[in-house]
Amino acid sequence: MNFVEESLRQNLFWLRIMKEHALFIRLGLPCDREGLIVEARDLEELFGELLEKARNLINPSPDIMRQFNSKVIDALNRIIAFKTDILNELITCRLGGSNFPLLIDHIRREAIRFRMILIRLQNDIELLPAQEALQEEIFWLRIMGDHAHFIAHLLDPSERNFVSQALDFAERFETLRLQARDLESVEAPKTFENWLLPENFLGQPVPQSIGVGLPNSFVTPRLRFFNSQVKDAVKEIRNFKQSGLNLVKNCTVLSIIPPLLADHILREAEMALQDLSIVEQRLKVSDCALN
Ligand SMILES: [Fe+2]
Ligand SMILES: [Fe+2]
């Protein structure tokens, strides 16, 4: 993987997304929470400036790219902390407004993953193809399923057909995600074992017996086929979101979905397809367990 090229691809996409998250949070805050409103506005500005800088990076050297990534990681630390504060207030009923807790958790997951992608790039850490495939699929399946639920909840209840279409998508993505979880413990059992460790275990010596008898993740024909099934489902929700965006823009559907949010989730479906195509290429060139 090319460090500079991949850093730019990730930054150009996710910096705009982070900027919009700050805006969406602000729009859903109660108007008397001035401190939170100001922080949301500052974060929107910060990510807007970083996005402009990223757009002006023409053929950056690896050093310049590394410095830029590290600035972005600092900004991500700040927005992740902000999303965490908001979420904790929401789930303890200390904050009103119109942000769903799951929406804040969703956008915090997107920020956490963006930060981890940059940390991996900065430290030259690469995942095994099967592990990477399952991680990407599980991440995007959950995001796409959440989007379907958000659409269903933000449409006017009178839009019965659209609401039930959105809920059908949610169910389809949830079923695929369960299957991905099954495939994960089948084909990447160490991932399951690692999940049982406490989260502050990193950096400590590995106790004996961890990983014993378990293979590294491996590619199988089923895993390759699963990737194409996930891609097909994402293509369908991408088309659904595209028509949704047109309806919202033309005011031909009743909802409280702002056009920018409709566009935001459409772009995320496009990014999911890009990521899943990269995974597909990696799975294609990897040795298969049957080869
Ligand atoms: Fe997002
Ligand atoms: Fe999203």
# chains A, B, ... in the order shown; residues from 1 in each chain; ligands from 1

call {"tool": "closest_atom_pairs", "arguments": {"of": "region 192-283 of chain A", "to": "region 14-23 of chain A", "cutoff": "10 Å", "atoms": "only C-alpha atoms", "output": "JSON lines"}}
result
{"residue": "A:Leu260", "atom": "CA", "partner": "A:Glu20", "partner_atom": "CA", "distance": 8.4}
{"residue": "A:Leu261", "atom": "CA", "partner": "A:Glu20", "partner_atom": "CA", "distance": 8.4}
{"residue": "A:His264", "atom": "CA", "partner": "A:Ile17", "partner_atom": "CA", "distance": 7.2}
{"residue": "A:Ile265", "atom": "CA", "partner": "A:Ile17", "partner_atom": "CA", "distance": 9.5}
{"residue": "A:Arg267", "atom": "CA", "partner": "A:Ile17", "partner_atom": "CA", "distance": 9.0}
{"residue": "A:Glu268", "atom": "CA", "partner": "A:Ile17", "partner_atom": "CA", "distance": 8.6}
{"residue": "A:Met271", "atom": "CA", "partner": "A:Trp14", "partner_atom": "CA", "distance": 9.6}

call {"tool": "select_by_dssp", "arguments": {"residues": "region 93-246 of chain A", "states": "alpha helix (DSSP H)", "output": "VMD selection string"}}
result
chain A and resid 101 to 122 129 to 154 160 to 187 189 to 195 221 to 246

call {"tool": "residues_around", "arguments": {"residues": "Leu27 (chain A)", "least_positions_apart": "2", "cutoff": "10 Å", "atoms": "only C-alpha atoms", "output": "list of chain:residue names"}}
result
A:His21, A:Ala22, A:Leu23, A:Phe24, A:Ile25, A:Leu29, A:Pro30, A:Cys31, A:Ile37, A:Ala40, A:Gly97, A:Ser98, A:Asn99

call {"tool": "write_last_selection", "arguments": {"atoms": "N, CA, C and O atoms", "output": "compact mmCIF listing (two decimals), in the first residue's frame"}}
result
# COMPACT_ATOMS: atom_id res chain seq x y z
N HIS A 21 -19.97 16.09 10.74
CA HIS A 21 -20.45 15.55 12.03
C HIS A 21 -20.59 16.68 13.06
O HIS A 21 -21.56 16.73 13.81
N ALA A 22 -19.59 17.57 13.10
CA ALA A 22 -19.63 18.67 14.07
C ALA A 22 -20.88 19.52 13.81
O ALA A 22 -21.56 19.95 14.75
N LEU A 23 -21.18 19.74 12.53
CA LEU A 23 -22.37 20.53 12.17
C LEU A 23 -23.65 19.80 12.60
O LEU A 23 -24.54 20.39 13.22
N PHE A 24 -23.73 18.49 12.29
CA PHE A 24 -24.95 17.73 12.64
C PHE A 24 -25.17 17.73 14.16
O PHE A 24 -26.29 17.89 14.63
N ILE A 25 -24.08 17.56 14.92
CA ILE A 25 -24.23 17.57 16.39
C ILE A 25 -24.79 18.91 16.82
O ILE A 25 -25.73 18.99 17.61
N LEU A 29 -28.33 20.13 19.10
CA LEU A 29 -28.14 20.50 20.52
C LEU A 29 -29.24 21.45 20.99
O LEU A 29 -29.74 22.26 20.20
N PRO A 30 -29.60 21.40 22.28
CA PRO A 30 -30.55 22.39 22.81
C PRO A 30 -29.88 23.78 22.80
O PRO A 30 -28.68 23.88 23.04
N CYS A 31 -30.67 24.83 22.51
CA CYS A 31 -30.05 26.13 22.27
C CYS A 31 -29.46 26.77 23.53
O CYS A 31 -28.72 27.74 23.45
N ILE A 37 -22.25 24.15 22.01
CA ILE A 37 -22.47 24.73 20.67
C ILE A 37 -21.17 25.35 20.16
O ILE A 37 -20.78 25.17 19.00
N ALA A 40 -18.69 22.65 19.17
CA ALA A 40 -19.09 22.05 17.89
C ALA A 40 -18.69 22.96 16.73
O ALA A 40 -18.17 22.51 15.70
N GLY A 97 -32.40 17.81 23.25
CA GLY A 97 -32.07 18.04 21.84
C GLY A 97 -32.56 16.90 20.98
O GLY A 97 -33.36 16.08 21.42
N SER A 98 -32.05 16.84 19.74
CA SER A 98 -32.60 15.84 18.82
C SER A 98 -31.54 14.90 18.27
O SER A 98 -31.71 14.34 17.19
N ASN A 99 -30.40 14.74 19.00
CA ASN A 99 -29.40 13.77 18.56
C ASN A 99 -29.71 12.41 19.20
O ASN A 99 -29.74 12.30 20.42

call {"tool": "atom_distance", "arguments": {"atom1": "CA of Glu184 (chain A)", "atom2": "CA of Ala133 (chain A)"}}
result
9.6 Å

call {"tool": "closest_residue", "arguments": {"among": "A:Cys93, A:Asp105, A:Asp42, A:Asn69", "to": "ligand 1", "atoms": "only C-alpha atoms and all ligand atoms"}}
result
A:Asp105

call {"tool": "closest_residue", "arguments": {"among": "A:Leu12, A:Ile143, A:Ala180, A:Val212", "to": "ligand 2", "atoms": "only C-alpha atoms and all ligand atoms"}}
result
A:Ile143

call {"tool": "closest_residue", "arguments": {"among": "A:His153, A:Lys235, A:His147, A:Lys190", "to": "ligand 2", "atoms": "only C-alpha atoms and all ligand atoms"}}
result
A:His147

call {"tool": "atom_distance", "arguments": {"atom1": "CA of Ser255 (chain A)", "atom2": "atom 1 (Fe, counted along the ligand's line) of ligand 2"}}
result
18.2 Å

call {"tool": "closest_residue", "arguments": {"among": "A:Phe225, A:Phe218, A:Phe201, A:Phe114", "to": "Pro129 (chain A)", "atoms": "only C-alpha atoms"}}
result
A:Phe218

call {"tool": "atom_distance", "arguments": {"atom1": "CA of Gln274 (chain A)", "atom2": "CA of His106 (chain A)"}}
result
19.9 Å

call {"tool": "closest_atom_pairs", "arguments": {"of": "region 54-156 of chain A", "to": "region 168-175 of chain A", "cutoff": "12 Å", "atoms": "only C-alpha atoms", "output": "CSV"}}
result
residue,atom,partner,partner_atom,distance
A:Glu137,CA,A:Phe173,CA,10.4
A:Ile138,CA,A:Phe173,CA,9.8
A:Phe139,CA,A:Phe173,CA,11.1
A:Trp140,CA,A:Phe173,CA,9.3
A:Leu141,CA,A:Phe173,CA,5.7
A:Arg142,CA,A:Phe173,CA,7.1
A:Ile143,CA,A:Phe173,CA,9.0
A:Met144,CA,A:Phe173,CA,6.8
A:Gly145,CA,A:Ala170,CA,4.5
A:Asp146,CA,A:Ala170,CA,7.0
A:His147,CA,A:Ala170,CA,7.9
A:Ala148,CA,A:Ala170,CA,5.1
A:His149,CA,A:Ala170,CA,6.0
A:Phe150,CA,A:Ala170,CA,9.5
A:Ile151,CA,A:Ala170,CA,9.8
A:Ala152,CA,A:Ala170,CA,9.1
A:His153,CA,A:Ala170,CA,11.7

call {"tool": "closest_residue", "arguments": {"among": "A:Ser7, A:Ile86, A:Arg224, A:Ala111", "to": "Gly35 (chain A)", "atoms": "only C-alpha atoms"}}
result
A:Ile86

call {"tool": "residues_around", "arguments": {"residues": "region 247-251 of chain A", "least_positions_apart": "4", "cutoff": "12 Å", "atoms": "only C-alpha atoms", "output": "list in words"}}
result
Ile151, Leu154, Leu155, Asp156, Phe162, Phe240, Lys241, Gln242, Ser243, Ser255, Ile256, Ile257, Pro258, Pro259, Leu260, Leu261, Ala262 and Asp263 of chain A
